[in-house]
Structure formats: structure tokens, C-alpha cells
Amino acid sequence: MSDKEILLSVRDLNAWYDESHVLHGVNLNVRRGETVTILGRNGVGKTTTLRSIVGILRKRTGEIEFNGHNLMRLPLHKTAKTGLGFVPEERGIFSTLSVEENLMLPPKISNSGMSIEEIYDLFPNLYERKTSSGTKLSGGEQQMLAMARMLRIGVDMLLLDEPTEGLAPVIVQRIGEVLQTLKQRGMTILLIEQNFRFASKIADRFYLMEHGLVSAGFDANELPDRMDMLHEVLGV
Amino acid sequence: MIMIFGIPIQAFLGQLLIGLINGSFYAMLSLGLAIIFGLLRVINFAHGAQYMMGAFAGMLLLTWLGVNYWFALILAPVVVGITGIIVERFALRRLYNLDHLYGLLFTFGLALVVEGTFRYFYGSSGQPYATPKLLSGGVNLGFMYLPIYRGWVVVASLIVCIGTWLLIEKTRLGAYLRAATENPILVQSFGINVPLLLTLTYGLGSGLAALAGIMAAPIYQVSPLMGSNLIIVVFAIVVVGGMGSIMGAIVTGYALGIIEGLTKVFYPEASNIVIFVIMALVLLVRPAGLFGRDA
Ligand SMILES: Nc1ncnc2c1ncn2[C@@H]1O[C@H](COP(=O)(O)OP(=O)(O)OP(=O)(O)O)[C@@H](O)[C@H]1O
Ligand SMILES: [Mg+2]
């Protein structure tokens, strides 16, 4: 893996909500084709890290380089065009849009995305419900829709914030299969996950966050040696 | 003589038509207000002034440049829409991060300035705008005399309202608008230029007001205060329909126009206040409005 180019590089990232300083110098790298998982307890700043990378949170300092672009300098609506796809924790499905309108909403970035037929093959539920309102879908279906939406537009990298949160085991398994498929196709993924068992099956590498900082980073094969430390920090 | 509920049918149908015509303007104006409020969260008090500017634009285009009604129907909304775009780009945009009250106060102030300026140059009295030749005259429907221009206003306003509704509900641009109404930041993170969308929406809303204004010019007098008289009623209609509901704004506009007209037949004393009475009742029973989603 380590021979691949670095696609996303974050250096000394600080971020604030109004006056409250939440990120205190986050450093991380993701190489092309890798699946990297960020672990960490509630409230340590995992979501804030993704929101700062995407640029939804603007009060930030440090360096964010993605695909040769300096993301610190881009307005929010230009960030997506660099090839970054964000699936937020709250999923962001629109109630006044149908399932299909939700799916078609983001403009295409490149032609490398999936066709609408491929997407409906991968997510048959979405096809069956394509004319109903986006928020009439179940939580799991909304998560699939939020992911499918990003797969259509041809992103180079997916940022996923706790895709399995609050979902039934069968759905979690289904999402795991989808991520495996994406991985095999060479998609780069940065995944936030509290479900450690889920993450350990797909991640190539892990970062551990504590108190607004990345406190450790290790490969998947180091996992057995790290278990005691993770149990202690995460309480899993 | 044919009677309906003890009223001569001519009087009944006459007031129904007047109500429908007023309703046509109510619908177009409350539609623009609802679109602007939905996306920008601004209660656009300048809407009446923009309606008035549309009528004046039509009149001045005619007297200065000899532009006829049909071209003015396109040009007046474009001109007023561009002024709206400038106002949004250089002033309104700066207020989005503040309390909604600032947007309301700013547009209210803007309306006073614009109306004051027109009054300074053109006085308070109204000026006529001739009905276009193609639409002058009327037809005898047997039970009543229908001035053709008024029939045209009803039809044209229906086309405008349905067209705008289709634009918002059925097109890709409309999907952007609806999505940005729900969650502008997320929509922008998808690569859609939401600040530009806001600017264009204010331009569209002001342009719709101006379109209503130029359509009103041949019926009512063109005067600096024509908008401020009307806009209070329109705000009451928007409250009844529910802020931010597009279809609600349209349906309520026509319905209250008709109710107001029929009140003139059955209980003329109440015709000026019936809309406000309905507004008060709706606020008591359904504060979010008949078509509004609870915030
Ligand atoms: N909108 C906000 N305004 C103010 N503070 C916030 C906001 N969102 C998050 N915070 C604070 O920032 C810190 C980091 O929050 P963040 O959402 O990044 O945590 P997280 O690691 O994603 O947690 P979780 O696992 O619960 O999703 C927390 O202390 C939280 O209270
Ligand atoms: Mg989170």
C-alpha cells in the first residue's frame, strides 16, 4: 500500500465552533485506493474533522491537500469538484425531493461514476421506492441513498461518517458488502466508525482520535497487538 | 332576472370575476414572496415596491422608448429582476447571518425609499396605461360583459403560476431550490453554487412582482403607492396559506380573491376586512398556515 500516492493529506488541522476550539492539530494521510478508519469515543472530533476537510466548517486553520488541490482556499461549492464525496452522519436526505431526485441532485464530477442502472442493481430498494419522498425511506435505505448519491457523480474518495449508526445487523452487513465492492473497484475511503467489528473487516489502516487530536495510527495487521490499548481508550 | 341566493346573477358573476382578477394578482405576488421566503428566509417587504416598479417600467418604456405592452411584459420583469439581483448581491446577502428581522427591516426601508423616490418624481396621483389594442374591447357572454383584458389577466396569471410551480417541482433547477431550502450548506458541499442560487431566486421573485405590476397597469392606475396598498393584503394571504408553501400561496391567492369578491355581493360592509378576519382565524387554529409545515 505504502507505494501508492497520498491522495488526502491533512496537516495541523485546527477547527472551532464559534469560540470553542474543537480540533487541536489533526494530522492524517490517506493513500489512493486505501480504506482508512477513524476510531474514537463520542465527542472527540471525528465528525468535525470530516466537516473541516469538506469545508462545511469554515473556521479552521492548517493544511488540507486533496488530489493536488489546496482545499483551504476553495469555496465550499468548488470542493466537491476536486473529487471528494461526503456522506454526513445525519445522512442529509431531502424530504421535499423524491428518492430519485435526491439521487440525481449532486452534479457529476467525472464520468468514472456508476450509471443509474448499476446503482439500482446495487441498491434495489432505492429503485422500488424511487418516486417516494426521500425521508419516507427507512434509516438504512436513507444511508444507502446517501452513499449512492455520491457513487453516481464519480468521486475519487468517499468520506463516510458512521454509516452503520443505528441500523439493524442485516443492513450493517449489506453496507459492509457495498463498501467491499467499492474497495475492489479501487475507491479510496475515509470512514468514521464506532462499530469496531465492522471497521476491522474492511479497513486497511486505522487512526485513533482523542480530545481533538490523532493519538495513534496503525495498519490493520497490527490490530491484534493494539487490542488492549483500544479496549482501554474506546471501551469496546 | 335570474337570481342566485337572492342576488341577481349578473352582480354575482361580476363580483366573482373581479374577485378572480384580484386573486390573480394576489396569487402571483404571494407566489414570489413564498419563493423568496422559502430559500432566503427573508420576508420581502419590498415586494409591493417591486410590483409598482414593474408597472412604472412598463409605462416609462412606452413613453420614453415607445416599447409596447407585449415587449414590456418581458422587459419590465427583467429590468426589475436585475435591480433585485443587485440588491441581493450587495445588501441583502450581508444580512443572512443575522436575525431574520434585519432582512425584513432592510426591505421595508428599501420599499419606503423606492416609493418616496417615485412619488418625488411622479406625484401621488395615478397615471393611465392604455390597454393593448389586441386585448381591448369585450365580449358579451350572454349573462355578463367580459372585458377581454381582464380575461387575459386571469389566463396569463394561471400560466405564470402553474409555470413557476412546474419549474420548482419538476425541473433540476427546482430540485436545487427545494434542496437548498432544506439544507443550503449540504447542497453547496455537493458542488452547487448556492450563493448564486439565492441571488437568482431574489431576482426571480422581484421579476414576478414586476410581471404582476405590468399586467396590472392597464387595469389600475400606475401610481407610486399602488404596491403598498396591495402588499398588506398579500401578506395576510401569505400568512393564511403558510409561509414558504408554493402551491399554498397560489391556491390561497385565488381563493381569497374570490372570497373577497363574493363578500362584496353578500355583505359589502365586510369586504375590506374579510381577508384579515380569515387571517386572524387561521392564526388561531393553524398558526403555520393552511398549507404550511410546522417549523
Ligand atoms: N454545531 C456545534 N456547535 C458547537 N459545538 C459542537 C457542534 N458540533 C459538535 N460540537 C462539539 O465539538 C466536539 C466534537 O464533536 P464531533 O461531532 O466532531 O464529535 P464526534 O467525534 O463526531 O462524536 P460522535 O461519535 O458522537 O459523532 C464535541 O465536544 C461537540 O460537543
Ligand atoms: Mg460524529
# chains A, B, ... in the order shown; residues from 1 in each chain; ligands from 1
$ residues_around --residues "range 114-125 of chain A" --least-positions-apart "2" --cutoff "8 Å" --atoms "only C-alpha atoms" --output "list of chain:residue names"
A:Ser112, A:Tyr127, A:Glu128, A:Arg129, A:Glu141, A:Met144, A:Ala148, A:Leu151, A:Arg152, A:Ile153, A:Gly154, A:Val178
$ residues_near_ligand --ligand "ligand 2" --cutoff "10 Å" --atoms "only C-alpha atoms and all ligand atoms" --output "short mmCIF file (atom, residue, chain, number, x, y, z; two decimals) with N, CA and C atoms, in the first residue's frame"
data_model
loop_
_atom_site.label_atom_id
_atom_site.label_comp_id
_atom_site.auth_asym_id
_atom_site.auth_seq_id
_atom_site.Cartn_x
_atom_site.Cartn_y
_atom_site.Cartn_z
N GLY A 40 -12.69 6.44 17.68
CA GLY A 40 -12.64 7.42 18.77
C GLY A 40 -13.96 7.51 19.48
N ARG A 41 -13.89 7.87 20.75
CA ARG A 41 -15.11 7.97 21.54
C ARG A 41 -15.99 9.11 21.07
N ASN A 42 -17.20 9.17 21.60
CA ASN A 42 -18.12 10.26 21.27
C ASN A 42 -17.50 11.61 21.64
N GLY A 43 -17.66 12.56 20.71
CA GLY A 43 -17.27 13.93 21.03
C GLY A 43 -15.80 14.25 20.92
N VAL A 44 -14.98 13.33 20.35
CA VAL A 44 -13.55 13.62 20.26
C VAL A 44 -13.21 14.47 19.04
N GLY A 45 -14.15 14.63 18.12
CA GLY A 45 -13.91 15.50 16.96
C GLY A 45 -13.82 14.76 15.64
N LYS A 46 -14.38 13.55 15.55
CA LYS A 46 -14.31 12.80 14.30
C LYS A 46 -15.15 13.49 13.22
N THR A 47 -16.40 13.77 13.54
CA THR A 47 -17.27 14.45 12.58
C THR A 47 -16.70 15.81 12.21
N THR A 48 -16.21 16.51 13.21
CA THR A 48 -15.64 17.84 12.97
C THR A 48 -14.47 17.76 11.99
N THR A 49 -13.68 16.69 12.09
CA THR A 49 -12.56 16.52 11.16
C THR A 49 -13.08 16.43 9.72
N LEU A 50 -14.08 15.60 9.49
CA LEU A 50 -14.63 15.47 8.14
C LEU A 50 -15.26 16.78 7.66
N ARG A 51 -16.01 17.42 8.55
CA ARG A 51 -16.66 18.69 8.16
C ARG A 51 -15.64 19.76 7.81
N PRO A 88 -22.77 12.61 5.14
CA PRO A 88 -22.76 13.10 6.52
C PRO A 88 -23.40 12.13 7.51
N GLU A 89 -23.10 12.33 8.76
CA GLU A 89 -23.61 11.47 9.83
C GLU A 89 -25.14 11.47 9.83
N GLU A 90 -25.75 12.63 9.61
CA GLU A 90 -27.21 12.72 9.64
C GLU A 90 -27.82 12.39 8.27
N ASP A 161 -19.38 9.16 7.37
CA ASP A 161 -19.46 9.41 8.81
C ASP A 161 -20.45 8.44 9.45
N GLU A 162 -19.94 7.44 10.09
CA GLU A 162 -20.74 6.43 10.81
C GLU A 162 -21.91 5.90 10.00
N GLU A 165 -24.47 3.63 11.92
CA GLU A 165 -25.07 4.11 13.17
C GLU A 165 -26.57 3.83 13.21
N ILE A 192 -15.51 6.97 9.28
CA ILE A 192 -15.62 7.10 10.73
C ILE A 192 -16.52 5.98 11.20
N GLU A 193 -16.11 5.27 12.22
CA GLU A 193 -16.92 4.12 12.63
C GLU A 193 -16.74 3.85 14.12
N GLN A 194 -17.86 3.69 14.80
CA GLN A 194 -17.81 3.29 16.21
C GLN A 194 -17.93 1.76 16.32
#
$ residues_around --residues "Ile53 in chain A" --least-positions-apart "6" --cutoff "10 Å" --atoms "only C-alpha atoms" --output "list in words"
Leu8, Ser9, Val10, Leu13, Thr47, Arg60, Glu63, Ile64, Glu65, Phe66, Leu71, Met72, Thr79, Leu84, Phe86 and Leu159 of chain A
$ atom_distance --atom1 "CA of Leu7 in chain A" --atom2 "CA of Arg149 in chain A"
21.5 Å
$ interface_residues --of "chain B" --to "chain A" --cutoff "10 Å" --atoms "only C-alpha atoms" --output "PyMOL selection string"
chain B and resi 169-176+178-183+185-195
$ select_by_dssp --residues "range 26-180 of chain A" --states "strand (DSSP E)" --output "PyMOL selection string"
chain A and resi 26-31+35-39+60-66+69-70+84-87+157-161
$ select_by_dssp --residues "range 1-231 of chain A" --states "alpha helix (DSSP H)" --output "ChimeraX atom specification"
/A:46-54,76-79,99-104,116-122,124-128,139-152,169-184,196-202,223-231
$ atom_distance --atom1 "CA of Val172 in chain A" --atom2 "CA of Val233 in chain A"
23.8 Å
$ residues_around --residues "range 12-25 of chain B" --least-positions-apart "5" --cutoff "7 Å" --atoms "only C-alpha atoms" --output "list in words"
Ile7, Arg150, Val153, Val154, Ser157, Ala212, Gly253, Tyr254, Ala255, Leu256, Gly257, Ile258, Glu260, Gly261, Leu262 and Val265 of chain B
$ write_last_selection --atoms "C-alpha atoms" --output "compact mmCIF listing (two decimals), in the first residue's frame"
# COMPACT_ATOMS: atom_id res chain seq x y z
CA ILE B 7 -78.80 38.17 -5.72
CA ARG B 150 -59.42 41.03 -17.67
CA VAL B 153 -55.09 38.62 -16.87
CA VAL B 154 -56.76 35.59 -15.33
CA SER B 157 -51.62 34.63 -14.24
CA ALA B 212 -47.81 41.36 -11.89
CA GLY B 253 -54.24 33.83 -3.55
CA TYR B 254 -57.04 32.88 -5.92
CA ALA B 255 -59.33 31.62 -3.18
CA LEU B 256 -59.13 34.76 -1.06
CA GLY B 257 -59.53 36.98 -4.11
CA ILE B 258 -62.77 35.15 -4.88
CA GLU B 260 -63.28 38.91 -1.10
CA GLY B 261 -65.25 39.45 -4.33
CA LEU B 262 -68.22 37.40 -3.15
CA VAL B 265 -72.08 40.76 -3.10
$ decode --residues "range 56-202 of chain B" --atoms "C-alpha atoms" --output "PDB file, in the first residue's frame"
ATOM      1  CA  PHE B  56     -43.748  52.098 -13.936  1.00  0.00           C
ATOM      2  CA  ALA B  57     -41.152  50.263 -16.017  1.00  0.00           C
ATOM      3  CA  GLY B  58     -43.912  49.391 -18.472  1.00  0.00           C
ATOM      4  CA  MET B  59     -45.185  52.952 -18.576  1.00  0.00           C
ATOM      5  CA  LEU B  60     -41.743  54.556 -18.916  1.00  0.00           C
ATOM      6  CA  LEU B  61     -40.643  52.059 -21.552  1.00  0.00           C
ATOM      7  CA  LEU B  62     -43.699  53.122 -23.522  1.00  0.00           C
ATOM      8  CA  THR B  63     -43.363  56.887 -23.098  1.00  0.00           C
ATOM      9  CA  TRP B  64     -39.581  57.100 -23.415  1.00  0.00           C
ATOM     10  CA  LEU B  65     -38.771  54.372 -25.895  1.00  0.00           C
ATOM     11  CA  GLY B  66     -42.110  53.520 -27.455  1.00  0.00           C
ATOM     12  CA  VAL B  67     -41.853  49.907 -26.235  1.00  0.00           C
ATOM     13  CA  ASN B  68     -45.308  48.367 -26.453  1.00  0.00           C
ATOM     14  CA  TYR B  69     -47.121  46.260 -23.852  1.00  0.00           C
ATOM     15  CA  TRP B  70     -46.020  42.905 -25.227  1.00  0.00           C
ATOM     16  CA  PHE B  71     -42.317  43.704 -25.091  1.00  0.00           C
ATOM     17  CA  ALA B  72     -42.765  45.433 -21.751  1.00  0.00           C
ATOM     18  CA  LEU B  73     -44.290  42.216 -20.433  1.00  0.00           C
ATOM     19  CA  ILE B  74     -40.834  40.680 -20.848  1.00  0.00           C
ATOM     20  CA  LEU B  75     -38.610  43.737 -20.344  1.00  0.00           C
ATOM     21  CA  ALA B  76     -40.188  45.159 -17.165  1.00  0.00           C
ATOM     22  CA  PRO B  77     -39.679  41.941 -15.142  1.00  0.00           C
ATOM     23  CA  VAL B  78     -36.140  41.626 -16.491  1.00  0.00           C
ATOM     24  CA  VAL B  79     -35.262  45.204 -15.524  1.00  0.00           C
ATOM     25  CA  VAL B  80     -36.795  44.916 -12.047  1.00  0.00           C
ATOM     26  CA  GLY B  81     -35.317  41.430 -11.647  1.00  0.00           C
ATOM     27  CA  ILE B  82     -31.859  42.877 -12.339  1.00  0.00           C
ATOM     28  CA  THR B  83     -32.362  45.568  -9.682  1.00  0.00           C
ATOM     29  CA  GLY B  84     -33.369  42.741  -7.336  1.00  0.00           C
ATOM     30  CA  ILE B  85     -30.174  40.859  -8.194  1.00  0.00           C
ATOM     31  CA  ILE B  86     -28.110  43.966  -7.431  1.00  0.00           C
ATOM     32  CA  VAL B  87     -29.910  44.493  -4.115  1.00  0.00           C
ATOM     33  CA  GLU B  88     -29.357  40.866  -3.085  1.00  0.00           C
ATOM     34  CA  ARG B  89     -25.750  40.805  -4.191  1.00  0.00           C
ATOM     35  CA  PHE B  90     -24.680  43.994  -2.452  1.00  0.00           C
ATOM     36  CA  ALA B  91     -27.003  44.364   0.522  1.00  0.00           C
ATOM     37  CA  LEU B  92     -29.384  41.551   1.407  1.00  0.00           C
ATOM     38  CA  ARG B  93     -26.617  38.928   1.297  1.00  0.00           C
ATOM     39  CA  ARG B  94     -24.846  40.646   4.187  1.00  0.00           C
ATOM     40  CA  LEU B  95     -27.862  40.117   6.447  1.00  0.00           C
ATOM     41  CA  TYR B  96     -28.313  36.336   6.116  1.00  0.00           C
ATOM     42  CA  ASN B  97     -26.208  35.597   9.160  1.00  0.00           C
ATOM     43  CA  LEU B  98     -28.206  37.984  11.334  1.00  0.00           C
ATOM     44  CA  ASP B  99     -31.698  37.645  12.765  1.00  0.00           C
ATOM     45  CA  HIS B 100     -34.475  37.458  10.108  1.00  0.00           C
ATOM     46  CA  LEU B 101     -35.761  40.751  11.434  1.00  0.00           C
ATOM     47  CA  TYR B 102     -32.887  42.583   9.707  1.00  0.00           C
ATOM     48  CA  GLY B 103     -33.919  41.330   6.275  1.00  0.00           C
ATOM     49  CA  LEU B 104     -37.474  42.438   6.947  1.00  0.00           C
ATOM     50  CA  LEU B 105     -36.390  45.874   8.183  1.00  0.00           C
ATOM     51  CA  PHE B 106     -34.000  46.354   5.292  1.00  0.00           C
ATOM     52  CA  THR B 107     -36.572  45.517   2.621  1.00  0.00           C
ATOM     53  CA  PHE B 108     -39.151  47.643   4.426  1.00  0.00           C
ATOM     54  CA  GLY B 109     -36.754  50.585   4.369  1.00  0.00           C
ATOM     55  CA  LEU B 110     -35.940  49.897   0.735  1.00  0.00           C
ATOM     56  CA  ALA B 111     -39.654  49.975  -0.134  1.00  0.00           C
ATOM     57  CA  LEU B 112     -40.064  53.352   1.576  1.00  0.00           C
ATOM     58  CA  VAL B 113     -37.067  54.799  -0.269  1.00  0.00           C
ATOM     59  CA  VAL B 114     -38.190  53.490  -3.650  1.00  0.00           C
ATOM     60  CA  GLU B 115     -41.785  54.640  -3.194  1.00  0.00           C
ATOM     61  CA  GLY B 116     -40.640  58.019  -1.890  1.00  0.00           C
ATOM     62  CA  THR B 117     -38.378  58.476  -4.884  1.00  0.00           C
ATOM     63  CA  PHE B 118     -41.140  57.676  -7.364  1.00  0.00           C
ATOM     64  CA  ARG B 119     -43.503  59.974  -5.501  1.00  0.00           C
ATOM     65  CA  TYR B 120     -40.953  62.773  -5.712  1.00  0.00           C
ATOM     66  CA  PHE B 121     -40.753  62.475  -9.482  1.00  0.00           C
ATOM     67  CA  TYR B 122     -44.264  61.409 -10.402  1.00  0.00           C
ATOM     68  CA  GLY B 123     -46.526  62.637  -7.583  1.00  0.00           C
ATOM     69  CA  SER B 124     -49.066  60.512  -5.769  1.00  0.00           C
ATOM     70  CA  SER B 125     -51.795  60.510  -8.329  1.00  0.00           C
ATOM     71  CA  GLY B 126     -52.176  57.668 -10.749  1.00  0.00           C
ATOM     72  CA  GLN B 127     -51.466  57.714 -14.443  1.00  0.00           C
ATOM     73  CA  PRO B 128     -53.298  55.620 -17.001  1.00  0.00           C
ATOM     74  CA  TYR B 129     -51.703  52.927 -19.145  1.00  0.00           C
ATOM     75  CA  ALA B 130     -53.652  52.104 -22.255  1.00  0.00           C
ATOM     76  CA  THR B 131     -54.956  48.587 -22.733  1.00  0.00           C
ATOM     77  CA  PRO B 132     -53.085  46.945 -25.638  1.00  0.00           C
ATOM     78  CA  LYS B 133     -55.128  47.040 -28.851  1.00  0.00           C
ATOM     79  CA  LEU B 134     -55.253  43.293 -29.262  1.00  0.00           C
ATOM     80  CA  LEU B 135     -56.929  42.946 -25.864  1.00  0.00           C
ATOM     81  CA  SER B 136     -59.213  45.978 -25.812  1.00  0.00           C
ATOM     82  CA  GLY B 137     -62.974  45.682 -26.000  1.00  0.00           C
ATOM     83  CA  GLY B 138     -65.011  42.909 -24.542  1.00  0.00           C
ATOM     84  CA  VAL B 139     -67.304  40.038 -25.231  1.00  0.00           C
ATOM     85  CA  ASN B 140     -70.874  39.547 -24.212  1.00  0.00           C
ATOM     86  CA  LEU B 141     -71.118  36.181 -22.527  1.00  0.00           C
ATOM     87  CA  GLY B 142     -74.892  36.381 -22.501  1.00  0.00           C
ATOM     88  CA  PHE B 143     -75.112  36.711 -18.745  1.00  0.00           C
ATOM     89  CA  MET B 144     -72.394  39.341 -18.453  1.00  0.00           C
ATOM     90  CA  TYR B 145     -69.957  41.570 -20.313  1.00  0.00           C
ATOM     91  CA  LEU B 146     -66.337  40.400 -20.063  1.00  0.00           C
ATOM     92  CA  PRO B 147     -63.601  42.930 -20.834  1.00  0.00           C
ATOM     93  CA  ILE B 148     -61.069  40.887 -22.829  1.00  0.00           C
ATOM     94  CA  TYR B 149     -58.074  42.312 -20.983  1.00  0.00           C
ATOM     95  CA  ARG B 150     -59.421  41.035 -17.667  1.00  0.00           C
ATOM     96  CA  GLY B 151     -59.947  37.579 -19.092  1.00  0.00           C
ATOM     97  CA  TRP B 152     -56.374  37.715 -20.337  1.00  0.00           C
ATOM     98  CA  VAL B 153     -55.087  38.619 -16.867  1.00  0.00           C
ATOM     99  CA  VAL B 154     -56.763  35.587 -15.334  1.00  0.00           C
ATOM    100  CA  VAL B 155     -55.431  33.241 -18.004  1.00  0.00           C
ATOM    101  CA  ALA B 156     -51.927  34.732 -18.014  1.00  0.00           C
ATOM    102  CA  SER B 157     -51.624  34.626 -14.242  1.00  0.00           C
ATOM    103  CA  LEU B 158     -52.690  30.976 -14.251  1.00  0.00           C
ATOM    104  CA  ILE B 159     -49.998  30.240 -16.824  1.00  0.00           C
ATOM    105  CA  VAL B 160     -47.389  32.116 -14.777  1.00  0.00           C
ATOM    106  CA  CYS B 161     -48.356  30.399 -11.530  1.00  0.00           C
ATOM    107  CA  ILE B 162     -48.514  26.894 -12.996  1.00  0.00           C
ATOM    108  CA  GLY B 163     -45.317  27.501 -14.955  1.00  0.00           C
ATOM    109  CA  THR B 164     -43.484  28.634 -11.825  1.00  0.00           C
ATOM    110  CA  TRP B 165     -44.855  25.700  -9.879  1.00  0.00           C
ATOM    111  CA  LEU B 166     -43.657  23.287 -12.586  1.00  0.00           C
ATOM    112  CA  LEU B 167     -40.250  24.975 -12.596  1.00  0.00           C
ATOM    113  CA  ILE B 168     -39.892  24.383  -8.880  1.00  0.00           C
ATOM    114  CA  GLU B 169     -41.450  20.932  -8.629  1.00  0.00           C
ATOM    115  CA  LYS B 170     -40.408  19.259 -11.851  1.00  0.00           C
ATOM    116  CA  THR B 171     -37.039  20.597 -13.010  1.00  0.00           C
ATOM    117  CA  ARG B 172     -33.470  20.073 -11.932  1.00  0.00           C
ATOM    118  CA  LEU B 173     -33.109  23.748 -11.056  1.00  0.00           C
ATOM    119  CA  GLY B 174     -36.246  23.402  -8.952  1.00  0.00           C
ATOM    120  CA  ALA B 175     -34.743  20.399  -7.161  1.00  0.00           C
ATOM    121  CA  TYR B 176     -31.708  22.550  -6.313  1.00  0.00           C
ATOM    122  CA  LEU B 177     -34.047  25.214  -4.966  1.00  0.00           C
ATOM    123  CA  ARG B 178     -36.051  22.795  -2.849  1.00  0.00           C
ATOM    124  CA  ALA B 179     -32.953  21.075  -1.511  1.00  0.00           C
ATOM    125  CA  ALA B 180     -31.238  24.372  -0.735  1.00  0.00           C
ATOM    126  CA  THR B 181     -34.382  25.468   1.104  1.00  0.00           C
ATOM    127  CA  GLU B 182     -33.944  22.463   3.406  1.00  0.00           C
ATOM    128  CA  ASN B 183     -30.171  22.402   3.847  1.00  0.00           C
ATOM    129  CA  PRO B 184     -28.206  25.042   1.932  1.00  0.00           C
ATOM    130  CA  ILE B 185     -24.791  24.121   3.315  1.00  0.00           C
ATOM    131  CA  LEU B 186     -25.068  20.474   2.308  1.00  0.00           C
ATOM    132  CA  VAL B 187     -26.315  21.423  -1.155  1.00  0.00           C
ATOM    133  CA  GLN B 188     -23.362  23.739  -1.549  1.00  0.00           C
ATOM    134  CA  SER B 189     -20.999  20.961  -0.470  1.00  0.00           C
ATOM    135  CA  PHE B 190     -22.376  18.908  -3.377  1.00  0.00           C
ATOM    136  CA  GLY B 191     -20.869  21.451  -5.736  1.00  0.00           C
ATOM    137  CA  ILE B 192     -23.895  23.663  -6.328  1.00  0.00           C
ATOM    138  CA  ASN B 193     -23.276  27.391  -6.181  1.00  0.00           C
ATOM    139  CA  VAL B 194     -25.870  28.212  -3.524  1.00  0.00           C
ATOM    140  CA  PRO B 195     -24.964  31.907  -3.121  1.00  0.00           C
ATOM    141  CA  LEU B 196     -25.668  32.329  -6.841  1.00  0.00           C
ATOM    142  CA  LEU B 197     -28.921  30.396  -6.430  1.00  0.00           C
ATOM    143  CA  LEU B 198     -30.006  32.821  -3.699  1.00  0.00           C
ATOM    144  CA  THR B 199     -29.226  35.804  -5.910  1.00  0.00           C
ATOM    145  CA  LEU B 200     -31.168  34.375  -8.845  1.00  0.00           C
ATOM    146  CA  THR B 201     -34.088  33.486  -6.601  1.00  0.00           C
ATOM    147  CA  TYR B 202     -34.399  37.031  -5.350  1.00  0.00           C
TER     148      TYR B 202
END
